[in-house]
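Reading through the structure tokens given below for one structure.
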Amino acid sequence: FRNTNSRTLMILFLSMFLIWDCPPGTSFAQPSAQLVHAYYFKRMPSDYKMQESLIASLKDTGANTIILELPMNEQGLPDLGKIPDSVYLAHQAGLKIHVVLPTRQFPGILSQHKNWEDTQYALGSGTVQSTGKLDLFNRAAVEFVASLAREIASYSVDALLLGPDFYYTPVEGIGPAAREQIMIDLKWAPDPRTLFRKVIRGPDGPIIEEYGEHYGKWTALKRDRLLYVFDQIRIAGRSVNAGLKIGIPIPIVMPVTTADKIFTQFAYDMNAFRKLNSDYYWTAIEYRDIKSKQNLSYRQTMELLSRMAKSAITAVRLPDQVILALQATTETGKVIPLFEIEEITELARSSGETGIAYIIGPDATVNRTLMKKVFRSRAQP
């Protein structure tokens, strides 16, 4: 008994010594974050057998996740009936499934609830116009989005990625509910004369060159509302799916993304979202569409992709929680050549080891051997 007691004391002493000897902030038994290696679909085949065949073809290709945009019907309403099949087939293939959830763009809902729509200033004419987006200051509109998140989460999806519509532009945020909140919190009515001090004419329309004295407070109000909506969606989703993860889109401001520019142009505060422990930060880089629209050369396009990826990763400062969705099909829907996939992947990761999702169509054919080569070995299902 005496020898056993001595050994126990010695173990305790050594354990305490090791803890004291570690630098402050040292964390024990924390596994490294799992990178998301995914295929991203804007839509799935409508036929179950075709969907089953597609998802089965993605098994053992090096991916661990499928990202699916929320299906919408012809009336612009969420088509939730398709999600359970996708979840079942993905999990059968050993893949997680993330659903991209719009937060403001619901044309079918706005046609039913006109008073849920946000409005914006038209700088050129000085008038107020509709945005075609939800006013997130409207309590009923937020409850709708939260209840939608709850229902999707109940199907055992692994994550919800808030859609790329989750932001406010400098001229948005003056819908009826938003105006009422501004009057309550800021004690003044929004007026473009005090929000935008100097507006000039640019090649593509009016440009705000100088903001007014009230602009910062107004934008901060919109920022706080986005944080509130994020939290409401997370609470709703996790009320039925405790392990649900939540991701937010990354606003990209070219040529350089800074905290001030993100705040000014999108009413975003990345530091605040980090404090709320967002699980993922994501953005889509559809570089082939940009190349066609801007008439860029291949090399110019690759340089632009690299800058966009760097801006996204720099804005977040947590590379392993970032998901960069990269366009990976041609105009005809075929998967792009392997050399191009390898190049865009390498460029995307040049600023940090980050999650990658390849945007492909429902008719794309994936080469298992080649894709295993592209996906890094760190991604474990």
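For the structure tokens, the naming scheme is as follows: chains receive sequential letters (A, B, ...) according to their order of presentation, residues are indexed from 1 within each chain, and ligands are indexed from 1 in presentation order.
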Discussion item. As a list in words, please: the residues near Gly81 (chain A) (cut-off 10 Å, only C-alpha atoms, same-chain neighbours under 4 positions excluded).
Written reply: Pro71, Asp85, Ser86 and Ile152 of chain A
Selection export as a short mmCIF file (atom, residue, chain, number, x, y, z; two decimals), in the first residue's frame, atoms kept: N, CA and C atoms:
```
data_model
loop_
_atom_site.label_atom_id
_atom_site.label_comp_id
_atom_site.auth_asym_id
_atom_site.auth_seq_id
_atom_site.Cartn_x
_atom_site.Cartn_y
_atom_site.Cartn_z
N PRO A 71 -33.31 23.70 -52.07
CA PRO A 71 -34.17 23.61 -53.26
C PRO A 71 -35.35 24.59 -53.17
N ASP A 85 -34.23 12.90 -48.75
CA ASP A 85 -33.56 11.93 -49.62
C ASP A 85 -32.07 12.25 -49.75
N SER A 86 -31.75 13.53 -49.92
CA SER A 86 -30.35 13.92 -50.06
C SER A 86 -29.56 13.60 -48.79
N ILE A 152 -35.28 22.30 -41.41
CA ILE A 152 -34.18 21.68 -42.17
C ILE A 152 -33.26 20.91 -41.23
#
```
Fill in: strand (DSSP E or B) positions in region 33-267 of chain A, given as a PyMOL selection string
chain A and resi 37-41+65-69+72+78+96-101+117-122+127-134+159-162+172+196-202+205-211+245-249
Practice prompt. Give the alpha helix (DSSP H) residues of region 102-308 of chain A, as DSSP finds them on the backbone, and put them as a ChimeraX atom specification.
Written response: /A:107-112,139-153,176-186,192-195,215-238,259-266,270-275,287-294,298-308
Worksheet item: Which residue, A:Ile200, A:Met44, A:Ile360, A:Ile207, has the smallest gap to Val171 (chain A) when you use only C-alpha atoms?
Response: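 Checking each candidate against Val171 (chain A), we get A:Ile207 as the closest.
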Worksheet entry | Counting only C-alpha atoms, the residue of A:Val240, A:Leu136, A:Ala259, A:Leu54 that sits nearest Tyr228 (chain A) |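 Nearest to Tyr228 (chain A): A:Leu136.
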Fill in: A:Ala315, A:Leu123, A:Ile233, A:Val253 ranked by distance to Met270 (chain A), top pick (using only C-alpha atoms)
A:Ala315
Fill in: Nearest residue to Arg234 (chain A) from the set A:Asp165, A:Asp204, A:Asp279, A:Glu343 (distances using only C-alpha atoms)
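Distance minimum relative to Arg234 (chain A) lands on A:Asp279.
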Worksheet entry | Pick from A:Val145, A:Leu227, A:Ala312, A:Val128, whichever lies nearest to Glu172 (chain A) using only C-alpha atoms |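 Checking each of A:Val145, A:Leu227, A:Ala312, A:Val128 against Glu172 (chain A), counting only C-alpha atoms, the winner is A:Val128.
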Show me, as a compact mmCIF listing (two decimals) with N, CA, C and O atoms, in the first residue's frame, the residues that have an atom within 12 Å of Lys82 (chain A) when counting only C-alpha atoms, minus same-chain residues fewer than 5 positions from it.
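The result, stored in out-v1.txt:
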```txt
# COMPACT_ATOMS: atom_id res chain seq x y z
N ARG A 43 -28.18 22.40 -57.49
CA ARG A 43 -29.40 21.60 -57.52
C ARG A 43 -29.05 20.13 -57.67
O ARG A 43 -28.00 19.78 -58.20
N MET A 44 -29.94 19.29 -57.18
CA MET A 44 -29.79 17.84 -57.30
C MET A 44 -30.75 17.33 -58.38
O MET A 44 -31.75 17.99 -58.68
N PRO A 45 -30.46 16.17 -58.96
CA PRO A 45 -31.43 15.59 -59.91
C PRO A 45 -32.78 15.40 -59.23
O PRO A 45 -32.85 15.06 -58.04
N SER A 46 -33.84 15.64 -59.95
CA SER A 46 -35.19 15.50 -59.37
C SER A 46 -35.57 14.04 -59.17
O SER A 46 -36.35 13.71 -58.28
N ASP A 47 -35.01 13.17 -59.99
CA ASP A 47 -35.31 11.74 -59.91
C ASP A 47 -34.48 11.09 -58.81
O ASP A 47 -33.25 11.29 -58.72
N TYR A 48 -35.11 10.30 -57.96
CA TYR A 48 -34.41 9.67 -56.83
C TYR A 48 -33.29 8.76 -57.29
O TYR A 48 -32.18 8.80 -56.74
N GLN A 51 -30.35 10.73 -58.40
CA GLN A 51 -29.68 11.32 -57.24
C GLN A 51 -28.87 10.26 -56.50
O GLN A 51 -27.74 10.51 -56.07
N LEU A 68 -25.29 21.55 -50.51
CA LEU A 68 -26.47 21.64 -51.38
C LEU A 68 -27.22 22.94 -51.12
O LEU A 68 -27.53 23.26 -49.97
N GLU A 69 -27.48 23.70 -52.17
CA GLU A 69 -28.31 24.88 -52.02
C GLU A 69 -29.75 24.47 -51.75
O GLU A 69 -30.22 23.45 -52.26
N LEU A 70 -30.43 25.23 -50.91
CA LEU A 70 -31.81 24.91 -50.55
C LEU A 70 -32.67 24.85 -51.81
O LEU A 70 -32.76 25.82 -52.56
N PRO A 71 -33.31 23.70 -52.07
CA PRO A 71 -34.17 23.61 -53.26
C PRO A 71 -35.35 24.59 -53.17
O PRO A 71 -35.95 24.75 -52.10
N MET A 72 -35.68 25.22 -54.28
CA MET A 72 -36.82 26.14 -54.35
C MET A 72 -37.74 25.68 -55.48
O MET A 72 -37.27 25.19 -56.52
N ASN A 73 -39.04 25.82 -55.28
CA ASN A 73 -39.98 25.42 -56.32
C ASN A 73 -40.24 26.57 -57.30
O ASN A 73 -39.65 27.66 -57.18
N VAL A 87 -30.17 13.86 -47.64
CA VAL A 87 -29.51 13.57 -46.36
C VAL A 87 -29.26 12.07 -46.22
O VAL A 87 -28.15 11.64 -45.87
N TYR A 88 -30.28 11.28 -46.50
CA TYR A 88 -30.16 9.83 -46.36
C TYR A 88 -29.07 9.28 -47.27
O TYR A 88 -28.21 8.50 -46.84
N LEU A 89 -29.10 9.70 -48.55
CA LEU A 89 -28.14 9.17 -49.52
C LEU A 89 -26.71 9.62 -49.20
O LEU A 89 -25.76 8.85 -49.36
N VAL A 99 -26.43 22.37 -45.94
CA VAL A 99 -27.44 23.03 -46.76
C VAL A 99 -27.24 24.54 -46.70
O VAL A 99 -27.09 25.11 -45.62
N ILE A 152 -35.28 22.30 -41.41
CA ILE A 152 -34.18 21.68 -42.17
C ILE A 152 -33.26 20.91 -41.23
O ILE A 152 -32.84 19.80 -41.52
N TYR A 155 -34.06 17.34 -40.20
CA TYR A 155 -33.80 16.24 -41.13
C TYR A 155 -32.40 15.66 -40.96
O TYR A 155 -31.93 14.88 -41.78
```
Worksheet item: Nearest to Ile248 (chain A) among A:Thr103, A:Thr314, A:Thr169, A:Ser292, with distances taken over only C-alpha atoms: which residue is it?
Response: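 Using only C-alpha atoms, the shortest distance to Ile248 (chain A) belongs to A:Thr103.
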Discussion item. For a test of reading the model, state the distance in Å between CA of Ile341 (chain A) and CA of Ile290 (chain A), rounded to one decimal.
Written reply: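 Straight-line distance from CA of Ile341 (chain A) to CA of Ile290 (chain A) works out to 16.5 Å.
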Worksheet item: Skipping near chain neighbours, those fewer than 3 positions away, what residues fall within 8 Å of Leu195 (chain A) using only C-alpha atoms, listed as a ChimeraX atom specification?
Response: /A:190-192,211-215
Residue subset to file, keeping all heavy atoms, as a tab-separated table (two decimals), in the first residue's frame:
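Okay, this is what ended up in out24.tsv:
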```
chain	number	residue	atom	x	y	z
A	190	PRO	N	-33.96	57.91	-40.77
A	190	PRO	CA	-32.89	57.82	-41.77
A	190	PRO	C	-33.11	58.81	-42.91
A	190	PRO	O	-34.19	58.89	-43.49
A	190	PRO	CB	-32.98	56.37	-42.26
A	190	PRO	CG	-34.36	55.91	-41.92
A	190	PRO	CD	-34.73	56.66	-40.68
A	191	ASP	N	-32.08	59.57	-43.22
A	191	ASP	CA	-32.15	60.61	-44.25
A	191	ASP	C	-30.89	60.51	-45.08
A	191	ASP	O	-29.77	60.61	-44.54
A	191	ASP	CB	-32.24	61.98	-43.58
A	191	ASP	CG	-32.44	63.11	-44.59
A	191	ASP	OD1	-32.04	62.94	-45.76
A	191	ASP	OD2	-32.97	64.17	-44.20
A	192	PRO	N	-31.01	60.32	-46.40
A	192	PRO	CA	-29.82	60.17	-47.24
A	192	PRO	C	-28.87	61.36	-47.14
A	192	PRO	O	-27.66	61.22	-47.35
A	192	PRO	CB	-30.39	60.01	-48.66
A	192	PRO	CG	-31.79	60.52	-48.59
A	192	PRO	CD	-32.24	60.25	-47.20
A	211	TYR	N	-19.11	59.28	-46.59
A	211	TYR	CA	-20.28	58.98	-45.78
A	211	TYR	C	-20.54	60.09	-44.77
A	211	TYR	O	-19.63	60.80	-44.34
A	211	TYR	CB	-20.08	57.64	-45.05
A	211	TYR	CG	-20.02	56.46	-45.99
A	211	TYR	CD1	-18.79	55.97	-46.45
A	211	TYR	CD2	-21.17	55.85	-46.45
A	211	TYR	CE1	-18.73	54.90	-47.32
A	211	TYR	CE2	-21.12	54.77	-47.32
A	211	TYR	CZ	-19.90	54.31	-47.76
A	211	TYR	OH	-19.86	53.25	-48.64
A	212	GLY	N	-21.82	60.21	-44.38
A	212	GLY	CA	-22.23	61.27	-43.47
A	212	GLY	C	-22.07	60.89	-42.00
A	212	GLY	O	-21.68	59.77	-41.66
A	213	GLU	N	-22.43	61.83	-41.15
A	213	GLU	CA	-22.22	61.67	-39.71
A	213	GLU	C	-23.03	60.54	-39.10
A	213	GLU	O	-22.63	59.92	-38.11
A	213	GLU	CB	-22.54	62.98	-39.00
A	213	GLU	CG	-23.98	63.47	-39.25
A	213	GLU	CD	-24.27	64.76	-38.52
A	213	GLU	OE1	-23.82	64.89	-37.37
A	213	GLU	OE2	-24.96	65.62	-39.11
A	214	HIS	N	-24.19	60.23	-39.66
A	214	HIS	CA	-25.06	59.21	-39.09
A	214	HIS	C	-24.81	57.81	-39.66
A	214	HIS	O	-25.39	56.84	-39.17
A	214	HIS	CB	-26.53	59.57	-39.31
A	214	HIS	CG	-27.00	60.69	-38.43
A	214	HIS	ND1	-28.17	61.39	-38.68
A	214	HIS	CD2	-26.46	61.23	-37.32
A	214	HIS	CE1	-28.33	62.31	-37.74
A	214	HIS	NE2	-27.30	62.23	-36.91
A	215	TYR	N	-23.99	57.74	-40.70
A	215	TYR	CA	-23.85	56.46	-41.40
A	215	TYR	C	-23.30	55.36	-40.49
A	215	TYR	O	-23.78	54.23	-40.52
A	215	TYR	CB	-22.97	56.60	-42.64
A	215	TYR	CG	-22.86	55.31	-43.41
A	215	TYR	CD1	-23.89	54.91	-44.27
A	215	TYR	CD2	-21.75	54.46	-43.27
A	215	TYR	CE1	-23.81	53.71	-44.96
A	215	TYR	CE2	-21.68	53.27	-43.95
A	215	TYR	CZ	-22.71	52.90	-44.79
A	215	TYR	OH	-22.65	51.69	-45.46
```
Applying 6 Å and only C-alpha atoms, which residues near Leu95 (chain A) remain after dropping the ones on its own chain fewer than 5 positions away? List them as a compact mmCIF listing (two decimals) with all heavy atoms, in the first residue's frame.
```
# COMPACT_ATOMS: atom_id res chain seq x y z
N ASN A 64 -15.46 14.60 -48.03
CA ASN A 64 -16.16 14.19 -46.81
C ASN A 64 -17.52 14.87 -46.66
O ASN A 64 -18.22 14.65 -45.69
CB ASN A 64 -15.30 14.47 -45.56
CG ASN A 64 -14.85 15.92 -45.48
OD1 ASN A 64 -15.47 16.82 -46.03
ND2 ASN A 64 -13.76 16.16 -44.77
N THR A 65 -17.88 15.71 -47.65
CA THR A 65 -19.09 16.53 -47.50
C THR A 65 -19.74 16.81 -48.84
O THR A 65 -19.06 16.93 -49.87
CB THR A 65 -18.74 17.87 -46.82
OG1 THR A 65 -18.07 17.62 -45.58
CG2 THR A 65 -19.97 18.71 -46.55
N ALA A 90 -26.57 10.87 -48.74
CA ALA A 90 -25.24 11.37 -48.38
C ALA A 90 -24.67 10.58 -47.21
O ALA A 90 -23.52 10.13 -47.23
CB ALA A 90 -25.31 12.85 -48.05
```
Discussion item. Neighbouring residues of Leu244 (chain A) were defined as those with any atom within 8 Å, considering only C-alpha atoms; residues of the same chain fewer than 2 positions away were excluded. Please report them as a PyMOL selection string.
Written reply: chain A and resi 153+157-160+237-238+241-242+246
